[in-house]
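Enquirer: Contents of data-v5.cif (mmCIF, C-alpha atoms and all ligand atoms) are below:
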data_start
loop_
_atom_site.group_PDB
_atom_site.id
_atom_site.type_symbol
_atom_site.label_atom_id
_atom_site.label_comp_id
_atom_site.auth_asym_id
_atom_site.auth_seq_id
_atom_site.Cartn_x
_atom_site.Cartn_y
_atom_site.Cartn_z
ATOM 1 C CA MET A 1 0.000 0.000 0.000
ATOM 2 C CA GLN A 2 1.391 3.359 -0.969
ATOM 3 C CA PRO A 3 1.668 5.809 1.927
ATOM 4 C CA LEU A 4 -0.067 9.113 1.324
ATOM 5 C CA ARG A 5 2.985 11.106 2.336
ATOM 6 C CA GLY A 6 4.893 9.486 -0.548
ATOM 7 C CA ARG A 7 3.186 11.647 -3.133
ATOM 8 C CA THR A 8 5.226 14.025 -5.219
ATOM 9 C CA ASN A 9 2.623 15.938 -7.214
ATOM 10 C CA ALA A 10 2.394 19.633 -6.510
ATOM 11 C CA PRO A 11 -1.103 20.775 -5.528
ATOM 12 C CA SER A 12 -3.184 21.969 -8.485
ATOM 13 C CA THR A 13 -4.489 25.490 -8.719
ATOM 14 C CA ALA A 14 -7.959 24.272 -7.770
ATOM 15 C CA ALA A 15 -6.708 22.431 -4.692
ATOM 16 C CA ARG A 16 -4.853 25.571 -3.577
ATOM 17 C CA ARG A 17 -7.900 27.707 -4.153
ATOM 18 C CA GLY A 18 -10.083 25.069 -2.526
ATOM 19 C CA ASP A 19 -13.017 26.065 -4.716
ATOM 20 C CA ARG A 20 -14.529 25.250 -8.102
ATOM 21 C CA LEU A 21 -12.594 23.234 -10.672
ATOM 22 C CA THR A 22 -11.692 24.765 -14.041
ATOM 23 C CA GLY A 23 -11.728 22.915 -17.371
ATOM 24 C CA ASP A 24 -7.977 22.309 -17.109
ATOM 25 C CA ASP A 25 -8.345 20.749 -13.684
ATOM 26 C CA VAL A 26 -11.126 18.476 -14.943
ATOM 27 C CA ASP A 27 -8.883 17.269 -17.806
ATOM 28 C CA ALA A 28 -6.035 16.653 -15.390
ATOM 29 C CA PHE A 29 -8.318 14.511 -13.226
ATOM 30 C CA ALA A 30 -9.577 12.586 -16.291
ATOM 31 C CA ASP A 31 -5.963 11.813 -17.085
ATOM 32 C CA LYS A 32 -5.298 10.650 -13.521
ATOM 33 C CA ARG A 33 -8.396 8.488 -13.750
ATOM 34 C CA ARG A 34 -7.169 6.777 -16.918
ATOM 35 C CA ARG A 35 -3.812 6.127 -15.288
ATOM 36 C CA MET A 36 -5.505 4.841 -12.136
ATOM 37 C CA VAL A 37 -7.419 2.274 -14.193
ATOM 38 C CA ASP A 38 -4.359 1.165 -16.181
ATOM 39 C CA GLU A 39 -1.828 1.057 -13.374
ATOM 40 C CA GLN A 40 -3.879 0.019 -10.353
ATOM 41 C CA ILE A 41 -6.830 -1.916 -11.711
ATOM 42 C CA THR A 42 -6.270 -3.662 -15.043
ATOM 43 C CA ALA A 43 -2.669 -4.306 -14.003
ATOM 44 C CA ARG A 44 -4.024 -6.362 -11.082
ATOM 45 C CA GLY A 45 -6.388 -8.416 -13.180
ATOM 46 C CA VAL A 46 -9.777 -6.669 -13.166
ATOM 47 C CA ILE A 47 -11.005 -7.089 -16.747
ATOM 48 C CA ASP A 48 -14.772 -6.504 -16.837
ATOM 49 C CA PRO A 49 -15.114 -3.692 -19.406
ATOM 50 C CA VAL A 50 -18.248 -2.327 -17.759
ATOM 51 C CA VAL A 51 -16.446 -1.986 -14.422
ATOM 52 C CA LEU A 52 -13.421 -0.359 -16.075
ATOM 53 C CA ARG A 53 -15.650 2.100 -17.910
ATOM 54 C CA ALA A 54 -17.409 3.013 -14.644
ATOM 55 C CA MET A 55 -14.054 3.550 -12.891
ATOM 56 C CA ARG A 56 -12.971 5.853 -15.746
ATOM 57 C CA ALA A 57 -16.218 7.823 -15.526
ATOM 58 C CA VAL A 58 -16.743 8.644 -11.840
ATOM 59 C CA PRO A 59 -14.880 11.768 -10.611
ATOM 60 C CA ARG A 60 -13.285 10.363 -7.453
ATOM 61 C CA GLU A 61 -11.880 13.792 -6.542
ATOM 62 C CA ARG A 62 -15.456 14.977 -5.898
ATOM 63 C CA PHE A 63 -15.982 12.331 -3.180
ATOM 64 C CA VAL A 64 -13.104 13.297 -0.887
ATOM 65 C CA PRO A 65 -12.741 16.419 1.262
ATOM 66 C CA SER A 66 -11.541 19.218 -1.068
ATOM 67 C CA SER A 67 -8.180 19.320 0.738
ATOM 68 C CA ALA A 68 -7.614 15.691 -0.363
ATOM 69 C CA ALA A 69 -8.528 16.121 -4.069
ATOM 70 C CA GLU A 70 -4.873 15.795 -5.056
ATOM 71 C CA VAL A 71 -4.503 12.391 -3.403
ATOM 72 C CA ALA A 72 -7.852 11.061 -4.594
ATOM 73 C CA TYR A 73 -6.267 8.889 -7.304
ATOM 74 C CA GLU A 74 -3.512 7.346 -5.208
ATOM 75 C CA ASP A 75 -3.340 3.603 -4.810
ATOM 76 C CA SER A 76 -4.752 3.666 -1.287
ATOM 77 C CA PRO A 77 -7.816 4.505 0.769
ATOM 78 C CA VAL A 78 -8.124 8.186 1.653
ATOM 79 C CA PRO A 79 -9.433 9.548 4.972
ATOM 80 C CA ILE A 80 -12.866 11.182 4.728
ATOM 81 C CA GLU A 81 -15.183 12.791 7.286
ATOM 82 C CA GLU A 82 -16.220 11.031 10.543
ATOM 83 C CA GLY A 83 -12.892 9.185 10.762
ATOM 84 C CA GLN A 84 -13.860 6.887 7.867
ATOM 85 C CA THR A 85 -12.131 6.170 4.546
ATOM 86 C CA ILE A 86 -13.025 6.085 0.878
ATOM 87 C CA SER A 87 -11.948 2.626 -0.318
ATOM 88 C CA GLN A 88 -8.843 2.081 -2.449
ATOM 89 C CA PRO A 89 -9.781 2.285 -6.179
ATOM 90 C CA TYR A 90 -8.626 -1.292 -6.861
ATOM 91 C CA VAL A 91 -10.792 -2.657 -4.037
ATOM 92 C CA VAL A 92 -13.857 -0.798 -5.363
ATOM 93 C CA ALA A 93 -13.258 -2.286 -8.834
ATOM 94 C CA LEU A 94 -12.542 -5.770 -7.469
ATOM 95 C CA MET A 95 -15.770 -5.812 -5.457
ATOM 96 C CA ALA A 96 -17.822 -4.384 -8.334
ATOM 97 C CA GLU A 97 -16.488 -7.097 -10.652
ATOM 98 C CA ALA A 98 -17.099 -9.809 -8.032
ATOM 99 C CA LEU A 99 -20.789 -8.790 -7.929
ATOM 100 C CA ARG A 100 -21.195 -9.858 -11.608
ATOM 101 C CA LEU A 101 -23.834 -7.207 -12.255
ATOM 102 C CA THR A 102 -25.885 -6.483 -15.335
ATOM 103 C CA GLY A 103 -27.579 -3.235 -16.315
ATOM 104 C CA ARG A 104 -30.931 -4.580 -15.087
ATOM 105 C CA ASP A 105 -29.791 -5.331 -11.535
ATOM 106 C CA ARG A 106 -30.799 -3.765 -8.230
ATOM 107 C CA VAL A 107 -27.905 -3.395 -5.793
ATOM 108 C CA LEU A 108 -27.621 -2.695 -2.079
ATOM 109 C CA GLU A 109 -24.424 -1.211 -0.677
ATOM 110 C CA ILE A 110 -23.729 -1.237 3.058
ATOM 111 C CA GLY A 111 -21.345 1.557 4.085
ATOM 112 C CA ALA A 112 -22.020 4.347 1.594
ATOM 113 C CA GLY A 113 -19.320 6.524 3.195
ATOM 114 C CA SER A 114 -18.361 9.161 0.640
ATOM 115 C CA GLY A 115 -20.792 7.719 -1.914
ATOM 116 C CA TYR A 116 -17.984 6.883 -4.359
ATOM 117 C CA GLY A 117 -18.564 3.113 -4.430
ATOM 118 C CA ALA A 118 -22.303 3.648 -4.921
ATOM 119 C CA ALA A 119 -21.629 6.079 -7.783
ATOM 120 C CA VAL A 120 -19.413 3.481 -9.495
ATOM 121 C CA LEU A 121 -22.107 0.815 -9.051
ATOM 122 C CA SER A 122 -24.709 3.194 -10.472
ATOM 123 C CA ARG A 123 -22.838 3.144 -13.804
ATOM 124 C CA ILE A 124 -23.071 -0.669 -13.883
ATOM 125 C CA ALA A 125 -26.485 -1.574 -12.403
ATOM 126 C CA ALA A 126 -30.013 -0.166 -12.758
ATOM 127 C CA GLU A 127 -30.658 1.038 -9.181
ATOM 128 C CA VAL A 128 -28.367 1.385 -6.184
ATOM 129 C CA TYR A 129 -29.530 1.632 -2.558
ATOM 130 C CA ALA A 130 -26.672 2.691 -0.295
ATOM 131 C CA ILE A 131 -26.921 2.664 3.513
ATOM 132 C CA GLU A 132 -24.655 4.677 5.819
ATOM 133 C CA ARG A 133 -24.721 4.708 9.635
ATOM 134 C CA HIS A 134 -23.274 8.220 10.013
ATOM 135 C CA ALA A 135 -26.034 10.738 9.269
ATOM 136 C CA SER A 136 -23.565 13.442 8.193
ATOM 137 C CA LEU A 137 -21.871 11.134 5.665
ATOM 138 C CA ALA A 138 -25.239 9.996 4.308
ATOM 139 C CA GLU A 139 -26.238 13.633 3.830
ATOM 140 C CA LEU A 140 -22.965 14.515 2.092
ATOM 141 C CA ALA A 141 -23.225 11.477 -0.198
ATOM 142 C CA ARG A 142 -26.823 12.331 -1.027
ATOM 143 C CA ARG A 143 -25.846 15.876 -1.964
ATOM 144 C CA ARG A 144 -23.007 14.634 -4.192
ATOM 145 C CA MET A 145 -25.360 12.301 -6.065
ATOM 146 C CA LYS A 146 -27.647 15.233 -6.729
ATOM 147 C CA ASP A 147 -24.850 17.622 -7.771
ATOM 148 C CA LEU A 148 -23.230 15.042 -10.055
ATOM 149 C CA GLY A 149 -26.480 13.697 -11.479
ATOM 150 C CA PHE A 150 -26.306 10.106 -10.212
ATOM 151 C CA GLY A 151 -30.089 9.865 -10.188
ATOM 152 C CA ASN A 152 -30.280 6.091 -9.668
ATOM 153 C CA VAL A 153 -28.464 6.135 -6.296
ATOM 154 C CA HIS A 154 -30.632 6.281 -3.168
ATOM 155 C CA VAL A 155 -28.735 7.019 0.040
ATOM 156 C CA ILE A 156 -30.316 5.824 3.273
ATOM 157 C CA HIS A 157 -29.229 6.632 6.825
ATOM 158 C CA GLY A 158 -29.365 3.555 9.067
ATOM 159 C CA ASP A 159 -27.841 0.279 10.187
ATOM 160 C CA GLY A 160 -26.992 -1.637 7.027
ATOM 161 C CA THR A 161 -26.342 -4.926 8.817
ATOM 162 C CA LEU A 162 -30.135 -5.264 8.784
ATOM 163 C CA GLY A 163 -30.245 -4.637 5.035
ATOM 164 C CA TRP A 164 -33.064 -2.601 3.510
ATOM 165 C CA SER A 165 -36.117 -4.808 3.236
ATOM 166 C CA GLU A 166 -38.186 -2.112 1.458
ATOM 167 C CA ARG A 167 -36.480 -2.830 -1.872
ATOM 168 C CA ALA A 168 -35.422 -6.469 -1.347
ATOM 169 C CA PRO A 169 -34.614 -8.817 -2.985
ATOM 170 C CA TYR A 170 -31.347 -7.573 -4.480
ATOM 171 C CA ASN A 171 -29.329 -9.064 -7.319
ATOM 172 C CA GLY A 172 -26.181 -7.817 -5.624
ATOM 173 C CA ILE A 173 -25.262 -6.725 -2.090
ATOM 174 C CA VAL A 174 -21.841 -5.289 -1.293
ATOM 175 C CA VAL A 175 -20.532 -4.474 2.159
ATOM 176 C CA ALA A 176 -17.766 -1.856 2.354
ATOM 177 C CA ALA A 177 -16.908 -2.558 6.009
ATOM 178 C CA GLY A 178 -15.595 -5.699 7.710
ATOM 179 C CA GLY A 179 -17.909 -7.752 9.951
ATOM 180 C CA PRO A 180 -17.369 -10.752 12.239
ATOM 181 C CA SER A 181 -19.685 -12.921 10.103
ATOM 182 C CA VAL A 182 -22.120 -12.727 7.188
ATOM 183 C CA PRO A 183 -25.260 -10.933 8.481
ATOM 184 C CA GLU A 184 -28.321 -13.186 8.208
ATOM 185 C CA ALA A 185 -30.488 -10.225 7.145
ATOM 186 C CA LEU A 186 -28.298 -9.668 4.089
ATOM 187 C CA ARG A 187 -28.389 -13.323 3.016
ATOM 188 C CA SER A 188 -32.161 -13.296 3.270
ATOM 189 C CA GLN A 189 -32.467 -10.146 1.106
ATOM 190 C CA LEU A 190 -30.597 -11.720 -1.830
ATOM 191 C CA ALA A 191 -32.589 -12.753 -4.890
ATOM 192 C CA ILE A 192 -32.145 -16.366 -5.946
ATOM 193 C CA GLY A 193 -28.967 -16.221 -8.015
ATOM 194 C CA GLY A 194 -27.965 -12.958 -6.260
ATOM 195 C CA ARG A 195 -24.413 -12.295 -5.017
ATOM 196 C CA LEU A 196 -23.290 -10.836 -1.689
ATOM 197 C CA VAL A 197 -19.692 -9.592 -1.433
ATOM 198 C CA ILE A 198 -18.468 -8.903 2.103
ATOM 199 C CA PRO A 199 -15.205 -8.755 4.070
ATOM 200 C CA VAL A 200 -15.477 -11.182 7.012
ATOM 201 C CA GLY A 201 -12.958 -11.692 9.789
ATOM 202 C CA ALA A 202 -12.777 -12.792 13.388
ATOM 203 C CA SER A 203 -10.610 -9.742 14.151
ATOM 204 C CA GLN A 204 -11.053 -6.117 13.114
ATOM 205 C CA GLN A 205 -7.529 -6.004 11.700
ATOM 206 C CA VAL A 206 -7.896 -8.221 8.660
ATOM 207 C CA GLN A 207 -10.681 -9.934 6.748
ATOM 208 C CA GLU A 208 -11.290 -12.419 3.973
ATOM 209 C CA LEU A 209 -13.327 -11.052 1.071
ATOM 210 C CA VAL A 210 -16.166 -13.521 0.622
ATOM 211 C CA ARG A 211 -18.760 -13.946 -2.130
ATOM 212 C CA VAL A 212 -22.010 -15.644 -1.112
ATOM 213 C CA THR A 213 -24.295 -16.696 -3.978
ATOM 214 C CA ARG A 214 -27.877 -17.651 -3.206
ATOM 215 C CA ILE A 215 -28.497 -20.735 -5.286
ATOM 216 C CA GLY A 216 -31.884 -21.660 -3.785
ATOM 217 C CA PRO A 217 -34.311 -20.492 -1.089
ATOM 218 C CA ASP A 218 -32.152 -22.106 1.618
ATOM 219 C CA ASP A 219 -29.027 -22.795 -0.374
ATOM 220 C CA TYR A 220 -25.936 -20.592 -0.501
ATOM 221 C CA ARG A 221 -22.511 -21.116 -2.045
ATOM 222 C CA GLN A 222 -19.529 -19.327 -0.498
ATOM 223 C CA GLU A 223 -16.192 -18.451 -2.155
ATOM 224 C CA GLU A 224 -13.122 -16.704 -0.776
ATOM 225 C CA LEU A 225 -11.671 -13.947 -2.944
ATOM 226 C CA GLY A 226 -8.604 -12.815 -0.984
ATOM 227 C CA THR A 227 -7.380 -10.961 2.071
ATOM 228 C CA VAL A 228 -8.493 -7.365 2.627
ATOM 229 C CA ARG A 229 -8.674 -4.794 5.394
ATOM 230 C CA PHE A 230 -11.687 -2.556 5.941
ATOM 231 C CA VAL A 231 -13.050 -0.254 8.622
ATOM 232 C CA PRO A 232 -15.342 -2.196 10.992
ATOM 233 C CA LEU A 233 -18.972 -2.951 10.212
ATOM 234 C CA ILE A 234 -20.792 -1.626 13.268
ATOM 235 C CA GLY A 235 -24.385 -2.628 13.860
ATOM 236 C CA ALA A 236 -26.876 -5.162 15.152
ATOM 237 C CA GLN A 237 -25.396 -7.936 12.978
ATOM 238 C CA GLY A 238 -21.863 -6.490 12.967
ATOM 239 C CA TRP A 239 -19.337 -5.522 15.630
ATOM 240 C CA ILE A 240 -21.790 -3.976 18.073
ATOM 241 C CA GLY A 241 -20.661 -4.299 21.692
ATOM 242 C CA ARG A 242 -17.200 -5.548 20.891
ATOM 243 C CA THR A 243 -16.244 -2.123 19.479
ATOM 244 C CA GLN A 244 -17.216 -0.421 22.705
ATOM 245 C CA THR A 245 -13.853 -1.209 24.262
ATOM 246 C CA VAL A 246 -12.268 2.063 25.316
ATOM 247 C CA GLY A 247 -9.743 3.304 22.783
ATOM 248 C CA THR A 248 -10.704 0.947 19.960
ATOM 249 C CA PRO A 249 -10.177 2.980 16.793
ATOM 250 C CA GLU A 250 -13.085 3.008 14.373
ATOM 251 C CA THR A 251 -10.909 3.352 11.321
ATOM 252 C CA GLN A 252 -8.136 1.104 10.201
ATOM 253 C CA PRO A 253 -7.271 2.340 6.716
ATOM 254 C CA TYR A 254 -5.516 -0.290 4.642
HETATM 255 N N1 LIG B 301 -18.149 2.749 0.000
HETATM 256 C C1 LIG B 301 -17.537 3.789 0.786
HETATM 257 C C2 LIG B 301 -16.597 3.222 1.808
HETATM 258 C C3 LIG B 301 -16.668 3.945 3.112
HETATM 259 S S1 LIG B 301 -15.867 3.146 4.458
HETATM 260 C C4 LIG B 301 -16.880 4.817 -0.128
HETATM 261 O O1 LIG B 301 -16.752 4.540 -1.329
HETATM 262 O O2 LIG B 301 -16.530 5.898 0.332
HETATM 263 C C5 LIG B 301 -17.187 2.177 5.132
HETATM 264 C C6 LIG B 301 -18.374 2.904 5.646
HETATM 265 O O3 LIG B 301 -19.198 1.943 6.306
HETATM 266 C C7 LIG B 301 -18.111 3.986 6.682
HETATM 267 O O4 LIG B 301 -18.600 5.205 6.222
HETATM 268 C C8 LIG B 301 -18.894 3.506 7.930
HETATM 269 O O5 LIG B 301 -19.488 4.566 8.643
HETATM 270 C C9 LIG B 301 -19.944 2.606 7.302
HETATM 271 N N2 LIG B 301 -20.570 1.621 8.157
HETATM 272 C C10 LIG B 301 -20.021 0.840 9.109
HETATM 273 N N3 LIG B 301 -20.959 0.052 9.663
HETATM 274 C C11 LIG B 301 -22.139 0.337 9.035
HETATM 275 C C12 LIG B 301 -23.478 -0.136 9.147
HETATM 276 N N4 LIG B 301 -23.820 -1.077 10.026
HETATM 277 N N5 LIG B 301 -24.419 0.382 8.339
HETATM 278 C C13 LIG B 301 -24.124 1.349 7.440
HETATM 279 N N6 LIG B 301 -22.882 1.848 7.292
HETATM 280 C C14 LIG B 301 -21.899 1.347 8.070
#
Translate this structure into C-alpha cells?
Ligand code: SAH
Expert:
Amino acid sequence: MQPLRGRTNAPSTAARRGDRLTGDDVDAFADKRRRMVDEQITARGVIDPVVLRAMRAVPRERFVPSSAAEVAYEDSPVPIEEGQTISQPYVVALMAEALRLTGRDRVLEIGAGSGYGAAVLSRIAAEVYAIERHASLAELARRRMKDLGFGNVHVIHGDGTLGWSERAPYNGIVVAAGGPSVPEALRSQLAIGGRLVIPVGASQQVQELVRVTRIGPDDYRQEELGTVRFVPLIGAQGWIGRTQTVGTPETQPY
C-alpha cells in the first residue's frame, strides 16, 4: 500500500484555491483516472469492461474532502469525514467485478461513506440503494449524487447490517466494512442467483473477502476472494458491543 505522504505531485491550482474546478483541472483529473485504471486496476487483473468504464467515468476527486482532491487517485484509501475512509480504487473495482452485475440489476451497498462506491455501481447496475450509519456522511453522499447527477443512487441513513427490506430482494449486495460474520439479514435479502460480497474476519484487523451466492431459497454457495482490510462494520449484525472497548479505533485504513 502506498503511503499518502509518498506523493510528489504539486497541488493543483484548484486544490490551492479550494473552490470550483476549471476545465484544465477536470482534464487533469480525467488523465489521472485513466492512469488509475491502467496502473492500479487492469494491471491487477480486473477485466470486466463495464467496471473499467465506470471507474474511468466517476470523478473520485469529488468524493473526498476538497483538501484531499490531489490524493484522490492514489493507490490507497483516503481519509474522509467522521474518521472513515473512501476505499482504495482497486478494491472498489474488485468488489464491483465480483458482484457480476448487469444493467438490469438492483444493488444494495452497506457503508455508503463518501458515496464513491455507490456512484461506481450506479454506472453498472439499474438502481443502487446505499446505507450509511453516520447521518452526516449519508447527507454529504446524497448531496453529491444530486450535484453530479447520479439519479439512480438512493442514500439511506441507518444500520446496514439489517439490510433494507423495502427494496429487497437484491441481485447484488456489497458491504464496504468488515464484519465478524455474514449478516443473516443480508443473506435473506438476496434474490435467488444474487451475489453478496463482504469482508469477514474474526478480528477487526484483517478480513477475507467472501462472495455468497444464493443458489436456492435455503441454499448458498460461499467463495473466498482474498485478504483485505476494511473499517469495521458496526451494527446489530456487525461488531456492536465488541467495538465499545475504550480506545478501539473506528478506522483502520488499509
Ligand atoms: N463505499 C464507501 C466506503 C466507506 S468506508 C466509499 O466509497 O466511500 C465504510 C463505511 O461503512 C463507513 O462510512 C462507515 O461509517 C460505514 N458503516 C459501518 N458500519 C455500518 C453499518 N452497520 N451500516 C451502514 N454503514 C456502516
Enquirer: If the box runs along x, y and z of the file and leaves 8 Å on each side of ligand LIG 301 (chain B), what are its centre and edge lengths in Å, one decimal, as JSON?
Expert:
{"center_x": -20.1, "center_y": 2.4, "center_z": 4.3, "size_x": 24.6, "size_y": 23.0, "size_z": 27.4}
Enquirer: Pick out the closest residue to Glu127 in chain A from this set: A:Leu233, A:Ala168, A:Met95, A:Val46. Count all atoms listed in the file.
Expert: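 So, comparing all the options, the nearest one is A:Ala168.
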Enquirer: Mind pulling up the distance from CA of Ile47 in chain A to CA of Arg34 in chain A?
Expert: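 Spanning CA of Arg34 in chain A to CA of Ile47 in chain A is a straight-line distance of 14.4 Å.
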Enquirer: Rounded to one decimal place, report the CA of Arg60 in chain A-CA of Ala98 in chain A distance in Å.
Expert: 20.5 Å
Enquirer: Leaving out Arg33 in chain A and any residue of its chain fewer than 4 positions from it, which residues lie within 12 Å of it when counting only C-alpha atoms, given as a PyMOL selection string?
Expert: chain A and resi 26-29+37-41+52-61+70-75+89-90
Enquirer: Using all atoms listed in the file, find each residue with an atom at most 6 Å away from ligand LIG 301 (chain B) and format the answer as number ranges by chain.
Expert: A: 84-87, 110-117, 131-134, 158-161, 176-177, 231-235
Enquirer: What's the 7 Å shell around Val212 in chain A, counting all atoms listed in the file, without same-chain residues fewer than 2 positions away, as a ChimeraX atom specification?
Expert: /A:195-197,210,214,220-223
Enquirer: Applied to the shown file, which residues does the PyMOL selection byres (((chain A and resi 201) around 12) and not hetatm) return, written as a list in words?
Expert: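 So the PyMOL selection byres (((chain A and resi 201) around 12) and not hetatm) ends up selecting Ala177, Gly178, Gly179, Pro180, Ser181, Val182, Ile198, Pro199, Val200, Ala202, Ser203, Gln204, Gln205, Val206, Gln207, Glu208, Leu209, Val210, Glu224, Gly226, Thr227, Val228, Arg229, Phe230, Val231, Pro232, Leu233, Gly238 and Trp239 of chain A.
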Enquirer: CA of Asp147 in chain A and CA of Ala118 in chain A, how far apart in Å?
Expert: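 Rounded to one decimal, the two atoms are 14.5 Å apart.
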Enquirer: On this file, the PyMOL selection byres (((chain A and resi 141) around 9) and not hetatm) gives some set of residues; write that set as a JSON list (two decimals) with C-alpha atoms, in the coordinates of the input.
Expert:
[["chain", "number", "residue", "atom", "x", "y", "z"],
["A", 63, "PHE", "CA", -15.98, 12.33, -3.18],
["A", 112, "ALA", "CA", -22.02, 4.35, 1.59],
["A", 113, "GLY", "CA", -19.32, 6.52, 3.20],
["A", 114, "SER", "CA", -18.36, 9.16, 0.64],
["A", 115, "GLY", "CA", -20.79, 7.72, -1.91],
["A", 116, "TYR", "CA", -17.98, 6.88, -4.36],
["A", 136, "SER", "CA", -23.56, 13.44, 8.19],
["A", 137, "LEU", "CA", -21.87, 11.13, 5.66],
["A", 138, "ALA", "CA", -25.24, 10.00, 4.31],
["A", 139, "GLU", "CA", -26.24, 13.63, 3.83],
["A", 140, "LEU", "CA", -22.96, 14.52, 2.09],
["A", 142, "ARG", "CA", -26.82, 12.33, -1.03],
["A", 143, "ARG", "CA", -25.85, 15.88, -1.96],
["A", 144, "ARG", "CA", -23.01, 14.63, -4.19],
["A", 145, "MET", "CA", -25.36, 12.30, -6.06],
["A", 146, "LYS", "CA", -27.65, 15.23, -6.73],
["A", 155, "VAL", "CA", -28.74, 7.02, 0.04]]
Enquirer: Using only C-alpha atoms, which of A:Ile240, A:Pro217, A:Val91, A:Pro65 sits nearest Pro77 in chain A?
Expert: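 The closest residue to Pro77 in chain A is A:Val91.
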Enquirer: Determine the nearest neighbour of Val128 in chain A from the options A:Gln237, A:Asn171, A:Ser188, A:Ser165, counting all atoms listed in the file.
Expert: A:Asn171
Enquirer: Compare A:Ile124, A:Leu162, A:Ile173, A:Leu190 by their minimum atom-to-atom distance to Arg104 in chain A, counting all atoms listed in the file, and give me the closest one.
Expert: A:Ile124
Enquirer: For Asp218 in chain A, which residue out of A:Ala236, A:Ala191, A:Val175, A:Ile156 is the nearest one, using all atoms listed in the file?
Expert: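 Among A:Ala236, A:Ala191, A:Val175, A:Ile156, it is A:Ala191 that comes nearest to Asp218 in chain A.
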Enquirer: Would you please work out which residue, of A:Gly151, A:Gly194, A:Gly83, A:Pro49, is nearest to Ile215 in chain A when using all atoms listed in the file?
Expert: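 Of the candidates, the smallest distance to Ile215 in chain A is held by A:Gly194.
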